[in-house]
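Shown below: data.csv, with CSV, C-alpha atoms.
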```
chain,number,residue,atom,x,y,z
A,9,MET,CA,-20.0,-140.1,51.2
A,10,PRO,CA,-21.3,-136.6,50.8
A,11,SER,CA,-24.8,-135.6,52.0
A,12,SER,CA,-27.4,-135.0,49.2
A,13,ALA,CA,-27.2,-131.3,50.0
A,14,ASP,CA,-23.4,-131.3,49.4
A,15,ARG,CA,-23.9,-133.4,46.2
A,16,GLY,CA,-26.5,-130.9,45.1
A,17,SER,CA,-24.1,-128.0,45.4
A,18,GLU,CA,-21.3,-130.0,43.9
A,19,ASP,CA,-23.5,-130.7,40.8
A,20,ALA,CA,-24.4,-127.0,40.6
A,21,ARG,CA,-20.7,-126.1,40.7
A,22,VAL,CA,-19.8,-128.5,37.9
A,23,ALA,CA,-22.7,-127.3,35.8
A,24,ARG,CA,-21.5,-123.7,36.3
A,25,THR,CA,-18.0,-124.6,35.4
A,26,ARG,CA,-19.3,-126.4,32.3
A,27,ALA,CA,-21.4,-123.4,31.3
A,28,ASP,CA,-18.4,-121.0,31.8
A,29,VAL,CA,-16.0,-123.2,29.9
A,30,SER,CA,-18.5,-123.7,27.0
A,31,ARG,CA,-19.0,-120.0,26.6
A,32,ALA,CA,-15.3,-119.3,26.7
A,33,ALA,CA,-14.6,-122.1,24.2
A,34,LEU,CA,-17.2,-120.6,21.8
A,35,ASP,CA,-15.8,-117.1,22.3
A,36,VAL,CA,-12.3,-118.4,21.4
A,37,LEU,CA,-13.7,-120.3,18.4
A,38,ARG,CA,-15.5,-117.2,17.1
A,39,SER,CA,-12.8,-114.7,17.7
A,40,GLU,CA,-9.6,-116.8,17.0
A,41,GLY,CA,-10.7,-119.8,15.1
A,42,TRP,CA,-10.7,-123.5,15.7
A,43,ASP,CA,-6.9,-123.8,15.9
A,44,ASP,CA,-6.9,-121.7,19.1
A,45,VAL,CA,-9.5,-123.8,21.0
A,46,THR,CA,-6.8,-125.3,23.2
A,47,HIS,CA,-6.8,-126.0,27.0
A,48,ALA,CA,-4.4,-123.2,27.7
A,49,LYS,CA,-6.4,-120.6,25.8
A,50,VAL,CA,-9.8,-121.6,26.9
A,51,ALA,CA,-8.7,-121.9,30.6
A,52,GLU,CA,-7.3,-118.4,30.4
A,53,VAL,CA,-10.5,-116.9,28.9
A,54,ALA,CA,-12.8,-118.8,31.2
A,55,GLY,CA,-10.7,-118.0,34.3
A,56,TYR,CA,-10.1,-121.6,35.4
A,57,SER,CA,-6.9,-123.6,35.7
A,58,LYS,CA,-5.7,-125.8,32.8
A,59,THR,CA,-5.7,-128.6,35.4
A,60,THR,CA,-9.5,-128.2,36.0
A,61,LEU,CA,-10.1,-128.2,32.2
A,62,TYR,CA,-8.0,-131.3,31.6
A,63,ALA,CA,-9.7,-133.1,34.5
A,64,HIS,CA,-13.2,-132.7,33.1
A,65,TRP,CA,-12.5,-132.4,29.3
A,66,PRO,CA,-9.3,-134.1,28.5
A,67,SER,CA,-9.2,-133.8,24.7
A,68,ARG,CA,-9.5,-130.9,22.3
A,69,LEU,CA,-12.5,-132.6,20.8
A,70,ASP,CA,-14.2,-132.2,24.2
A,71,LEU,CA,-13.5,-128.5,24.1
A,72,VAL,CA,-14.8,-128.1,20.6
A,73,THR,CA,-17.9,-130.1,21.5
A,74,LEU,CA,-18.5,-127.8,24.5
A,75,ALA,CA,-18.1,-124.7,22.3
A,76,LEU,CA,-20.8,-126.1,19.9
A,77,ASP,CA,-23.1,-126.8,22.9
A,78,ALA,CA,-22.9,-123.1,23.8
A,79,LEU,CA,-24.0,-122.2,20.3
A,80,GLY,CA,-27.6,-122.9,21.4
A,81,GLU,CA,-30.6,-122.0,19.2
A,82,LEU,CA,-29.8,-120.2,16.0
A,83,PRO,CA,-31.9,-117.0,15.4
A,84,HIS,CA,-34.7,-117.3,12.9
A,85,HIS,CA,-37.3,-115.0,11.2
A,86,ALA,CA,-40.8,-114.9,12.7
A,87,THR,CA,-43.0,-116.0,9.8
A,88,THR,CA,-45.8,-113.8,8.5
A,89,GLY,CA,-47.5,-116.2,6.1
A,90,ASP,CA,-46.3,-114.4,2.9
A,91,LEU,CA,-43.8,-116.8,1.4
A,92,ARG,CA,-41.7,-114.3,-0.5
A,93,SER,CA,-41.2,-112.0,2.6
A,94,ASP,CA,-40.7,-115.0,4.9
A,95,LEU,CA,-37.9,-116.4,2.6
A,96,ILE,CA,-36.3,-113.0,2.3
A,97,GLY,CA,-36.7,-112.5,6.1
A,98,GLU,CA,-35.1,-115.9,6.9
A,99,LEU,CA,-32.1,-115.2,4.6
A,100,THR,CA,-31.7,-111.8,6.1
A,101,VAL,CA,-31.5,-113.3,9.6
A,102,PHE,CA,-29.0,-115.9,8.3
A,103,ARG,CA,-26.9,-113.1,6.8
A,104,ARG,CA,-26.9,-111.2,10.1
A,105,ALA,CA,-26.0,-114.3,12.1
A,106,ILE,CA,-23.0,-114.8,9.9
A,107,GLU,CA,-21.8,-111.3,10.7
A,108,GLU,CA,-22.8,-111.1,14.4
A,109,LEU,CA,-22.3,-114.7,15.5
A,110,LYS,CA,-19.4,-115.5,13.1
A,111,LEU,CA,-21.4,-118.4,11.8
A,112,ASP,CA,-19.1,-118.5,8.8
A,113,HIS,CA,-16.2,-119.4,11.1
A,114,ILE,CA,-18.3,-122.1,12.7
A,115,LEU,CA,-19.5,-123.5,9.5
A,116,SER,CA,-16.1,-123.7,7.9
A,117,GLY,CA,-14.6,-125.1,11.1
A,118,LEU,CA,-17.3,-127.8,11.3
A,119,ALA,CA,-16.5,-128.8,7.7
A,120,GLN,CA,-12.8,-129.0,8.5
A,121,TRP,CA,-13.3,-131.0,11.6
A,122,ALA,CA,-15.8,-133.4,10.1
A,123,SER,CA,-13.3,-136.2,9.6
A,124,VAL,CA,-13.8,-136.7,13.3
A,125,ASP,CA,-17.1,-138.7,13.5
A,126,GLU,CA,-18.4,-137.0,16.6
A,127,ILE,CA,-18.0,-133.6,14.9
A,128,ALA,CA,-19.7,-134.8,11.7
A,129,VAL,CA,-22.7,-135.8,13.8
A,130,LEU,CA,-22.8,-132.4,15.5
A,131,ARG,CA,-22.2,-130.7,12.1
A,132,ASP,CA,-25.2,-132.5,10.6
A,133,ARG,CA,-27.5,-131.7,13.5
A,134,ILE,CA,-26.5,-128.0,13.7
A,135,ASN,CA,-26.8,-127.5,9.9
A,136,ALA,CA,-30.1,-129.4,9.6
A,137,GLU,CA,-31.5,-127.4,12.5
A,138,GLY,CA,-30.3,-124.2,10.9
A,139,GLN,CA,-31.9,-125.0,7.6
A,140,ARG,CA,-35.2,-126.3,9.1
A,141,PRO,CA,-37.3,-123.1,8.9
A,142,MET,CA,-36.2,-122.5,5.3
A,143,ARG,CA,-37.0,-126.1,4.4
A,144,GLU,CA,-40.5,-125.8,5.9
A,145,LEU,CA,-41.1,-122.6,3.9
A,146,LEU,CA,-39.9,-124.1,0.7
A,147,ALA,CA,-41.9,-127.3,1.3
A,148,GLN,CA,-45.1,-125.1,0.8
A,149,ARG,CA,-44.1,-124.9,-2.8
A,150,PHE,CA,-41.7,-127.7,-3.7
A,151,SER,CA,-41.0,-131.4,-3.0
A,152,GLY,CA,-38.4,-134.0,-3.9
A,153,ALA,CA,-35.3,-133.0,-5.9
A,154,ARG,CA,-36.7,-129.5,-6.5
A,155,LEU,CA,-37.1,-128.9,-2.7
A,156,GLU,CA,-33.5,-130.1,-2.1
A,157,ALA,CA,-32.3,-127.9,-5.0
A,158,ALA,CA,-34.2,-124.8,-3.8
A,159,LEU,CA,-33.0,-125.3,-0.2
A,160,SER,CA,-29.3,-125.5,-1.2
A,161,MET,CA,-29.7,-122.6,-3.7
A,162,LEU,CA,-31.1,-120.2,-1.2
A,163,THR,CA,-28.6,-121.3,1.5
A,164,GLY,CA,-25.9,-120.8,-1.1
A,165,VAL,CA,-26.9,-117.2,-1.9
A,166,VAL,CA,-25.8,-116.2,1.6
A,167,ALA,CA,-23.3,-119.0,2.4
A,168,CYS,CA,-21.3,-119.0,-0.8
A,169,PRO,CA,-20.2,-115.4,-0.9
A,170,SER,CA,-19.4,-115.5,2.8
A,171,LEU,CA,-17.3,-118.7,2.6
A,172,MET,CA,-15.7,-118.1,-0.8
A,173,PHE,CA,-15.0,-114.3,-0.6
A,174,GLY,CA,-15.6,-113.2,3.0
A,175,ALA,CA,-18.5,-111.0,1.6
A,176,LEU,CA,-22.2,-110.9,2.2
A,177,PRO,CA,-24.9,-110.5,-0.5
A,178,GLU,CA,-26.7,-107.2,-1.0
A,179,ASP,CA,-30.5,-107.0,-0.3
A,180,THR,CA,-31.1,-106.9,-4.1
A,181,VAL,CA,-29.2,-110.2,-4.6
A,182,VAL,CA,-31.1,-111.9,-1.8
A,183,GLU,CA,-34.4,-110.7,-3.3
A,184,ALA,CA,-33.3,-111.8,-6.8
A,185,ALA,CA,-32.6,-115.3,-5.5
A,186,VAL,CA,-36.0,-115.6,-3.8
A,187,ASP,CA,-37.7,-114.3,-7.0
A,188,ILE,CA,-35.8,-116.8,-9.2
A,189,VAL,CA,-36.9,-119.7,-7.0
A,190,LEU,CA,-40.5,-118.4,-6.7
A,191,SER,CA,-41.0,-117.5,-10.4
A,192,THR,CA,-40.4,-121.1,-11.4
A,193,ARG,CA,-43.6,-123.1,-12.1
A,194,SER,CA,-44.5,-125.2,-9.1
B,1374,MET,CA,30.9,-116.7,-7.2
B,1375,PRO,CA,29.5,-119.8,-9.0
B,1376,SER,CA,29.8,-120.0,-12.8
B,1377,SER,CA,26.5,-119.5,-14.7
B,1378,ALA,CA,26.3,-123.2,-15.4
B,1379,ASP,CA,26.5,-123.9,-11.7
B,1380,ARG,CA,23.9,-121.3,-11.0
B,1381,GLY,CA,21.7,-122.8,-13.6
B,1382,SER,CA,21.8,-126.2,-12.0
B,1383,GLU,CA,21.4,-124.6,-8.6
B,1384,ASP,CA,18.2,-122.8,-9.8
B,1385,ALA,CA,16.9,-126.1,-11.3
B,1386,ARG,CA,17.5,-127.8,-8.0
B,1387,VAL,CA,15.6,-125.2,-6.0
B,1388,ALA,CA,12.8,-125.3,-8.5
B,1389,ARG,CA,12.6,-129.1,-8.2
B,1390,THR,CA,12.6,-128.9,-4.4
B,1391,ARG,CA,9.9,-126.3,-4.5
B,1392,ALA,CA,7.8,-128.4,-6.9
B,1393,ASP,CA,8.3,-131.5,-4.7
B,1394,VAL,CA,7.5,-129.7,-1.5
B,1395,SER,CA,4.4,-128.0,-3.1
B,1396,ARG,CA,3.0,-131.3,-4.1
B,1397,ALA,CA,3.7,-132.9,-0.7
B,1398,ALA,CA,2.1,-130.0,1.1
B,1399,LEU,CA,-1.0,-130.3,-1.1
B,1400,ASP,CA,-1.1,-134.0,-0.5
B,1401,VAL,CA,-1.0,-133.5,3.2
B,1402,LEU,CA,-3.6,-130.7,3.0
B,1403,ARG,CA,-6.0,-133.0,1.0
B,1404,SER,CA,-5.5,-136.2,3.0
B,1405,GLU,CA,-5.0,-134.8,6.6
B,1406,GLY,CA,-6.3,-131.3,6.6
B,1407,TRP,CA,-4.8,-127.9,7.2
B,1408,ASP,CA,-3.8,-128.6,10.8
B,1409,ASP,CA,-1.3,-131.1,9.5
B,1410,VAL,CA,0.5,-128.9,7.0
B,1411,THR,CA,3.5,-128.7,9.3
B,1412,HIS,CA,7.2,-128.6,8.5
B,1413,ALA,CA,7.7,-132.1,10.1
B,1414,LYS,CA,4.9,-133.7,8.2
B,1415,VAL,CA,5.5,-132.1,4.8
B,1416,ALA,CA,9.3,-132.8,5.1
B,1417,GLU,CA,8.5,-136.5,5.7
B,1418,VAL,CA,6.1,-136.8,2.8
B,1419,ALA,CA,8.4,-134.8,0.4
B,1420,GLY,CA,11.5,-136.8,1.4
B,1421,TYR,CA,13.5,-133.6,2.4
B,1422,SER,CA,14.9,-132.6,5.8
B,1423,LYS,CA,13.0,-130.3,8.1
B,1424,THR,CA,16.1,-128.0,7.9
B,1425,THR,CA,15.8,-127.7,4.2
B,1426,LEU,CA,12.1,-126.7,4.5
B,1427,TYR,CA,12.7,-124.2,7.3
B,1428,ALA,CA,15.5,-122.6,5.3
B,1429,HIS,CA,13.4,-121.9,2.2
B,1430,TRP,CA,9.9,-121.6,3.7
B,1431,PRO,CA,10.2,-120.6,7.4
B,1432,SER,CA,6.5,-120.3,8.3
B,1433,ARG,CA,3.4,-122.5,8.1
B,1434,LEU,CA,1.9,-119.8,6.0
B,1435,ASP,CA,4.7,-120.4,3.4
B,1436,LEU,CA,3.8,-124.1,3.4
B,1437,VAL,CA,0.1,-123.5,3.0
B,1438,THR,CA,0.8,-121.0,0.1
B,1439,LEU,CA,3.0,-123.7,-1.6
B,1440,ALA,CA,0.2,-126.2,-1.3
B,1441,LEU,CA,-2.2,-123.8,-3.0
B,1442,ASP,CA,0.3,-123.1,-5.7
B,1443,ALA,CA,0.3,-126.9,-6.5
B,1444,LEU,CA,-3.5,-126.8,-6.9
B,1445,GLY,CA,-3.0,-125.5,-10.4
B,1446,GLU,CA,-5.9,-125.2,-12.9
B,1447,LEU,CA,-9.2,-126.5,-11.7
B,1448,PRO,CA,-11.1,-128.8,-14.1
B,1449,HIS,CA,-14.0,-127.4,-16.1
B,1450,HIS,CA,-16.6,-128.6,-18.5
B,1451,ALA,CA,-16.0,-128.2,-22.2
B,1452,THR,CA,-18.9,-126.0,-23.4
B,1453,THR,CA,-21.3,-127.2,-26.2
B,1454,GLY,CA,-23.3,-124.0,-26.7
B,1455,ASP,CA,-26.4,-125.4,-25.1
B,1456,LEU,CA,-26.8,-123.4,-21.9
B,1457,ARG,CA,-28.8,-126.0,-19.9
B,1458,SER,CA,-26.3,-128.9,-20.6
B,1459,ASP,CA,-23.3,-126.6,-20.2
B,1460,LEU,CA,-24.5,-125.5,-16.7
B,1461,ILE,CA,-25.3,-129.1,-15.7
B,1462,GLY,CA,-21.9,-130.2,-17.1
B,1463,GLU,CA,-20.0,-127.5,-15.2
B,1464,LEU,CA,-21.8,-128.4,-11.9
B,1465,THR,CA,-21.1,-132.1,-12.6
B,1466,VAL,CA,-17.4,-131.4,-13.0
B,1467,PHE,CA,-17.4,-129.3,-9.8
B,1468,ARG,CA,-19.2,-132.1,-8.0
B,1469,ARG,CA,-16.5,-134.6,-9.2
B,1470,ALA,CA,-13.7,-132.2,-8.2
B,1471,ILE,CA,-15.0,-132.0,-4.7
B,1472,GLU,CA,-14.8,-135.8,-4.5
B,1473,GLU,CA,-11.6,-136.5,-6.4
B,1474,LEU,CA,-9.6,-133.4,-5.5
B,1475,LYS,CA,-11.0,-132.9,-2.0
B,1476,LEU,CA,-12.0,-129.4,-3.0
B,1477,ASP,CA,-14.3,-129.3,0.0
B,1478,HIS,CA,-11.4,-129.6,2.4
B,1479,ILE,CA,-9.5,-126.9,0.5
B,1480,LEU,CA,-12.6,-124.5,0.4
B,1481,SER,CA,-13.3,-124.9,4.1
B,1482,GLY,CA,-9.6,-124.5,5.0
B,1483,LEU,CA,-9.3,-121.4,2.8
B,1484,ALA,CA,-12.3,-120.0,4.7
B,1485,GLN,CA,-10.8,-120.8,8.1
B,1486,TRP,CA,-7.4,-119.3,7.2
B,1487,ALA,CA,-8.8,-116.2,5.6
B,1488,SER,CA,-8.1,-114.1,8.7
B,1489,VAL,CA,-4.5,-114.2,7.3
B,1490,ASP,CA,-4.5,-111.5,4.6
B,1491,GLU,CA,-2.3,-113.4,2.2
B,1492,ILE,CA,-4.6,-116.4,2.3
B,1493,ALA,CA,-7.7,-114.2,1.9
B,1494,VAL,CA,-6.1,-112.9,-1.4
B,1495,LEU,CA,-5.4,-116.5,-2.5
B,1496,ARG,CA,-8.8,-117.6,-1.5
B,1497,ASP,CA,-10.5,-114.8,-3.5
B,1498,ARG,CA,-8.4,-115.6,-6.6
B,1499,ILE,CA,-8.9,-119.4,-6.4
B,1500,ASN,CA,-12.6,-119.1,-5.9
B,1501,ALA,CA,-13.2,-116.4,-8.5
B,1502,GLU,CA,-11.2,-118.5,-11.0
B,1503,GLY,CA,-13.2,-121.6,-10.1
B,1504,GLN,CA,-16.5,-119.8,-10.6
B,1505,ARG,CA,-15.4,-118.0,-13.9
B,1506,PRO,CA,-16.8,-120.5,-16.4
B,1507,MET,CA,-20.2,-120.7,-14.6
B,1508,ARG,CA,-20.3,-116.9,-14.4
B,1509,GLU,CA,-19.7,-116.6,-18.2
B,1510,LEU,CA,-22.4,-119.1,-18.9
B,1511,LEU,CA,-24.9,-117.3,-16.6
B,1512,ALA,CA,-24.0,-113.9,-18.1
B,1513,GLN,CA,-25.6,-115.1,-21.4
B,1514,ARG,CA,-28.9,-114.8,-19.6
B,1515,PHE,CA,-28.5,-112.6,-16.5
B,1516,SER,CA,-26.8,-109.5,-15.3
B,1517,GLY,CA,-26.5,-107.4,-12.1
B,1518,ALA,CA,-28.1,-108.7,-8.9
B,1519,ARG,CA,-29.7,-111.6,-10.8
B,1520,LEU,CA,-26.4,-112.8,-12.2
B,1521,GLU,CA,-24.8,-112.7,-8.7
B,1522,ALA,CA,-27.8,-114.5,-7.2
B,1523,ALA,CA,-27.8,-117.2,-9.9
B,1524,LEU,CA,-24.1,-117.7,-9.6
B,1525,SER,CA,-24.2,-118.2,-5.8
B,1526,MET,CA,-27.3,-120.4,-6.1
B,1527,LEU,CA,-25.8,-122.8,-8.6
B,1528,THR,CA,-22.5,-122.9,-6.7
B,1529,GLY,CA,-24.5,-123.6,-3.5
B,1530,VAL,CA,-26.4,-126.5,-4.9
B,1531,VAL,CA,-23.1,-128.4,-5.0
B,1532,ALA,CA,-21.1,-126.6,-2.3
B,1533,CYS,CA,-23.8,-126.4,0.5
B,1534,PRO,CA,-24.6,-130.1,0.8
B,1535,SER,CA,-20.8,-130.8,0.7
B,1536,LEU,CA,-19.7,-128.3,3.3
B,1537,MET,CA,-22.8,-128.7,5.5
B,1538,PHE,CA,-23.4,-132.5,5.4
B,1539,GLY,CA,-20.4,-134.1,3.7
B,1540,ALA,CA,-22.9,-135.1,0.9
B,1541,LEU,CA,-23.1,-134.5,-2.8
B,1542,PRO,CA,-26.3,-133.7,-4.7
B,1543,GLU,CA,-27.9,-136.3,-6.9
B,1544,ASP,CA,-28.1,-135.7,-10.7
B,1545,THR,CA,-31.8,-134.9,-10.3
B,1546,VAL,CA,-31.1,-132.2,-7.8
B,1547,VAL,CA,-28.4,-130.6,-10.0
B,1548,GLU,CA,-30.8,-130.7,-13.0
B,1549,ALA,CA,-33.7,-129.2,-10.9
B,1550,ALA,CA,-31.4,-126.3,-9.8
B,1551,VAL,CA,-30.5,-125.5,-13.4
B,1552,ASP,CA,-34.1,-125.7,-14.5
B,1553,ILE,CA,-35.2,-123.4,-11.6
B,1554,VAL,CA,-32.6,-120.8,-12.7
B,1555,LEU,CA,-33.4,-121.1,-16.4
B,1556,SER,CA,-37.2,-121.2,-16.1
B,1557,THR,CA,-37.2,-117.7,-14.6
B,1558,ARG,CA,-38.1,-115.0,-17.1
B,1559,SER,CA,-34.9,-113.2,-18.3
```

Would you give me this structure, written as structure tokens?
Amino acid sequence: MPSSADRGSEDARVARTRADVSRAALDVLRSEGWDDVTHAKVAEVAGYSKTTLYAHWPSRLDLVTLALDALGELPHHATTGDLRSDLIGELTVFRRAIEELKLDHILSGLAQWASVDEIAVLRDRINAEGQRPMRELLAQRFSGARLEAALSMLTGVVACPSLMFGALPEDTVVEAAVDIVLSTRS
Amino acid sequence: MPSSADRGSEDARVARTRADVSRAALDVLRSEGWDDVTHAKVAEVAGYSKTTLYAHWPSRLDLVTLALDALGELPHHATTGDLRSDLIGELTVFRRAIEELKLDHILSGLAQWASVDEIAVLRDRINAEGQRPMRELLAQRFSGARLEAALSMLTGVVACPSLMFGALPEDTVVEAAVDIVLSTRS
């Protein structure tokens, strides 16, 4: 039986391996896509042996789950109290995250993998967390069906062009969307 | 050299094979997802040998392209002239197509595969064609940035819950979205 000091360093080593492999899996997911999140590819990028990866994370689902762990907190806009600029700010941060963090790849991959229950649960959590600040802003003005509509509509103004055409909306389009939502009677 | 009658029946046979394989590839794409659109799986579903498939369509990209060919015309709402009911009608048909035709799988797969140039071109064409009737309806009221915003917003009210949470919006949410867009000053 190892001493507690040995066990401590063993735990630290496993945690470090996990962190390295998570980051590598997310790198592969972002740069190559979900098809390439394989033991061979992730081992190569992380600098570990395939044997080590298979020992700790035997399935591709394990690797994909690790990649999503590494996603961490999504960036959000720091609110100012002005609803119009806060909504535009949040959409602008979302648009930048799609570009810089390849969130579009992650979102479409989550949708593709969602027939796996574990991924559907992760997908729901990641997306709900991503939409939370926008939901809170819109809840200042809307509730019920109108809140759900406004939330999907503003998400869609950035997500739809990205997923459907690989394009991001201009500032004027983001502003027009926020103005359409805010000009409706509350 | 074959007689023209022989060539005619040869052409017909190839066309029939192509149609069978296209349909089988689309079936696999819808029921299993893009990862499963392989020569082995599509050959099995179509009732042809893998050798036949490899001879005509050597790459997985060929199979995916065939599947998208079989998609054909997307369903649309028959317009009545009343803008509000036409927009609600078009979104309702879109919502049903997601459920019945598994359009969400196709949309997220197109987004995933779009790093392949040929698929990006198909994706853009399929999505632009899918949005065309909605764009024409909204163009009665909006132009420029506001038209682009309204189009993405109404697409998003159906597409976002589907891709992000595997859920479809209630009628009240679809109606609220159309009312938000139409209540803005034009």

Counting only C-alpha atoms, which residues of chain A sit at most 7 Å from some atom of chain B, and what is each one's closest atom pair with its distance in Å to one decimal, listed by chain and rising residue number, as JSON lines?
```
{"residue": "A:His113", "atom": "CA", "partner": "B:Gln1485", "partner_atom": "CA", "distance": 6.3}
{"residue": "A:Ser116", "atom": "CA", "partner": "B:Ser1481", "partner_atom": "CA", "distance": 4.9}
{"residue": "A:Gly117", "atom": "CA", "partner": "B:Gln1485", "partner_atom": "CA", "distance": 6.5}
{"residue": "A:Ala119", "atom": "CA", "partner": "B:Leu1536", "partner_atom": "CA", "distance": 5.5}
{"residue": "A:Gln120", "atom": "CA", "partner": "B:Ser1481", "partner_atom": "CA", "distance": 6.0}
{"residue": "A:Arg131", "atom": "CA", "partner": "B:Met1537", "partner_atom": "CA", "distance": 6.9}
{"residue": "A:Asp132", "atom": "CA", "partner": "B:Phe1538", "partner_atom": "CA", "distance": 5.5}
{"residue": "A:Asn135", "atom": "CA", "partner": "B:Met1537", "partner_atom": "CA", "distance": 6.1}
{"residue": "A:Ala153", "atom": "CA", "partner": "B:Val1546", "partner_atom": "CA", "distance": 4.7}
{"residue": "A:Arg154", "atom": "CA", "partner": "B:Ala1549", "partner_atom": "CA", "distance": 5.3}
{"residue": "A:Glu156", "atom": "CA", "partner": "B:Val1546", "partner_atom": "CA", "distance": 6.5}
{"residue": "A:Ala157", "atom": "CA", "partner": "B:Ala1550", "partner_atom": "CA", "distance": 5.1}
{"residue": "A:Ala158", "atom": "CA", "partner": "B:Ala1550", "partner_atom": "CA", "distance": 6.8}
{"residue": "A:Ser160", "atom": "CA", "partner": "B:Val1530", "partner_atom": "CA", "distance": 4.8}
{"residue": "A:Met161", "atom": "CA", "partner": "B:Met1526", "partner_atom": "CA", "distance": 4.0}
{"residue": "A:Leu162", "atom": "CA", "partner": "B:Met1526", "partner_atom": "CA", "distance": 6.2}
{"residue": "A:Thr163", "atom": "CA", "partner": "B:Gly1529", "partner_atom": "CA", "distance": 6.9}
{"residue": "A:Gly164", "atom": "CA", "partner": "B:Gly1529", "partner_atom": "CA", "distance": 3.9}
{"residue": "A:Val165", "atom": "CA", "partner": "B:Ser1525", "partner_atom": "CA", "distance": 4.8}
{"residue": "A:Cys168", "atom": "CA", "partner": "B:Ser1525", "partner_atom": "CA", "distance": 5.8}
{"residue": "A:Pro169", "atom": "CA", "partner": "B:Ser1525", "partner_atom": "CA", "distance": 6.9}
{"residue": "A:Leu171", "atom": "CA", "partner": "B:Ala1484", "partner_atom": "CA", "distance": 5.6}
{"residue": "A:Met172", "atom": "CA", "partner": "B:Asn1500", "partner_atom": "CA", "distance": 6.1}
{"residue": "A:Phe173", "atom": "CA", "partner": "B:Asp1497", "partner_atom": "CA", "distance": 5.4}
{"residue": "A:Thr180", "atom": "CA", "partner": "B:Ala1518", "partner_atom": "CA", "distance": 5.9}
{"residue": "A:Val181", "atom": "CA", "partner": "B:Ala1518", "partner_atom": "CA", "distance": 4.7}
{"residue": "A:Val182", "atom": "CA", "partner": "B:Ala1522", "partner_atom": "CA", "distance": 6.8}
{"residue": "A:Ala184", "atom": "CA", "partner": "B:Arg1519", "partner_atom": "CA", "distance": 5.4}
{"residue": "A:Ala185", "atom": "CA", "partner": "B:Ala1522", "partner_atom": "CA", "distance": 5.2}
{"residue": "A:Ile188", "atom": "CA", "partner": "B:Thr1557", "partner_atom": "CA", "distance": 5.7}
{"residue": "A:Val189", "atom": "CA", "partner": "B:Ile1553", "partner_atom": "CA", "distance": 6.1}
{"residue": "A:Ser191", "atom": "CA", "partner": "B:Thr1557", "partner_atom": "CA", "distance": 5.7}
{"residue": "A:Thr192", "atom": "CA", "partner": "B:Thr1557", "partner_atom": "CA", "distance": 5.7}
```

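Take CA of Arg1505 in chain B and CA of Leu1474 in chain B: the distance between them is 18.5 Å.
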
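Counting only C-alpha atoms, the residue from B:Ser1516, B:Ser1432, B:Thr1411, B:Thr1465 that sits nearest to Ala1451 in chain B is B:Thr1465.
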
Two-atom distance - CA of Arg26 in chain A, CA of Asp1409 in chain B (Å) = 29.4 Å

Can you tell me how far CA of His84 in chain A sits from CA of Glu98 in chain A, in Å to one decimal?
->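 Atom-to-atom, CA of His84 in chain A to CA of Glu98 in chain A, that is 6.2 Å.
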
Using only C-alpha atoms, determine which residues lie at most 12 Å from Leu61 in chain A, disregarding the query and same-chain residues fewer than 3 positions distant; provide the list as a ChimeraX atom specification.
-> /A:22,25-26,28-30,32-33,46-58,64-68,70-71,74

Smallest atom-to-atom distance to His1450 in chain B: which of B:Phe1467, B:Thr1424, B:Asp1400, B:Leu1511, using only C-alpha atoms?
->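 Among the listed residues, B:Phe1467 lies closest to His1450 in chain B.
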
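Each of A:Leu76, A:Gly97, A:Pro83, A:Val124 was checked against Ala27 in chain A using all atoms listed in the file; the smallest atom-to-atom distance is that of A:Leu76.
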
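Compared by their closest atoms to Gly89 in chain A, and using all atoms listed in the file, the residues A:Ser17, A:Ser39, A:Thr60, A:Gln148 rank with A:Gln148 nearest.
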
Which polymer residues have any atom within 7 Å of an atom of Leu1456 in chain B, counting all atoms listed in the file, with same-chain residues fewer than 3 positions away left out, as a PyMOL selection string?
-> chain B and resi 1459-1460+1510

Using C-alpha atoms, can you write the selected residues to a file as a CSV table (one decimal), in the frame of the given file?
```csv
chain,number,residue,atom,x,y,z
B,1459,ASP,CA,-23.3,-126.6,-20.2
B,1460,LEU,CA,-24.5,-125.5,-16.7
B,1510,LEU,CA,-22.4,-119.1,-18.9
```

Got a minute to add N, CA, C and O atoms to range 1439-1443 of chain B and dump it as a tab-separated table (two decimals), in the frame of the given file?
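Wrote result.tsv, looks like this:
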```
chain	number	residue	atom	x	y	z
B	1439	LEU	N	2.42	-122.68	-0.62
B	1439	LEU	CA	3.00	-123.70	-1.60
B	1439	LEU	C	1.95	-124.69	-1.98
B	1439	LEU	O	1.84	-125.06	-3.16
B	1440	ALA	N	1.21	-125.19	-1.00
B	1440	ALA	CA	0.20	-126.20	-1.30
B	1440	ALA	C	-0.83	-125.64	-2.28
B	1440	ALA	O	-1.23	-126.33	-3.24
B	1441	LEU	N	-1.22	-124.40	-2.08
B	1441	LEU	CA	-2.20	-123.80	-3.00
B	1441	LEU	C	-1.65	-123.55	-4.36
B	1441	LEU	O	-2.37	-123.65	-5.36
B	1442	ASP	N	-0.34	-123.25	-4.43
B	1442	ASP	CA	0.30	-123.10	-5.70
B	1442	ASP	C	0.18	-124.42	-6.54
B	1442	ASP	O	-0.03	-124.41	-7.75
B	1443	ALA	N	0.31	-125.55	-5.83
B	1443	ALA	CA	0.30	-126.90	-6.50
B	1443	ALA	C	-1.12	-127.23	-6.98
B	1443	ALA	O	-1.28	-128.18	-7.75
```
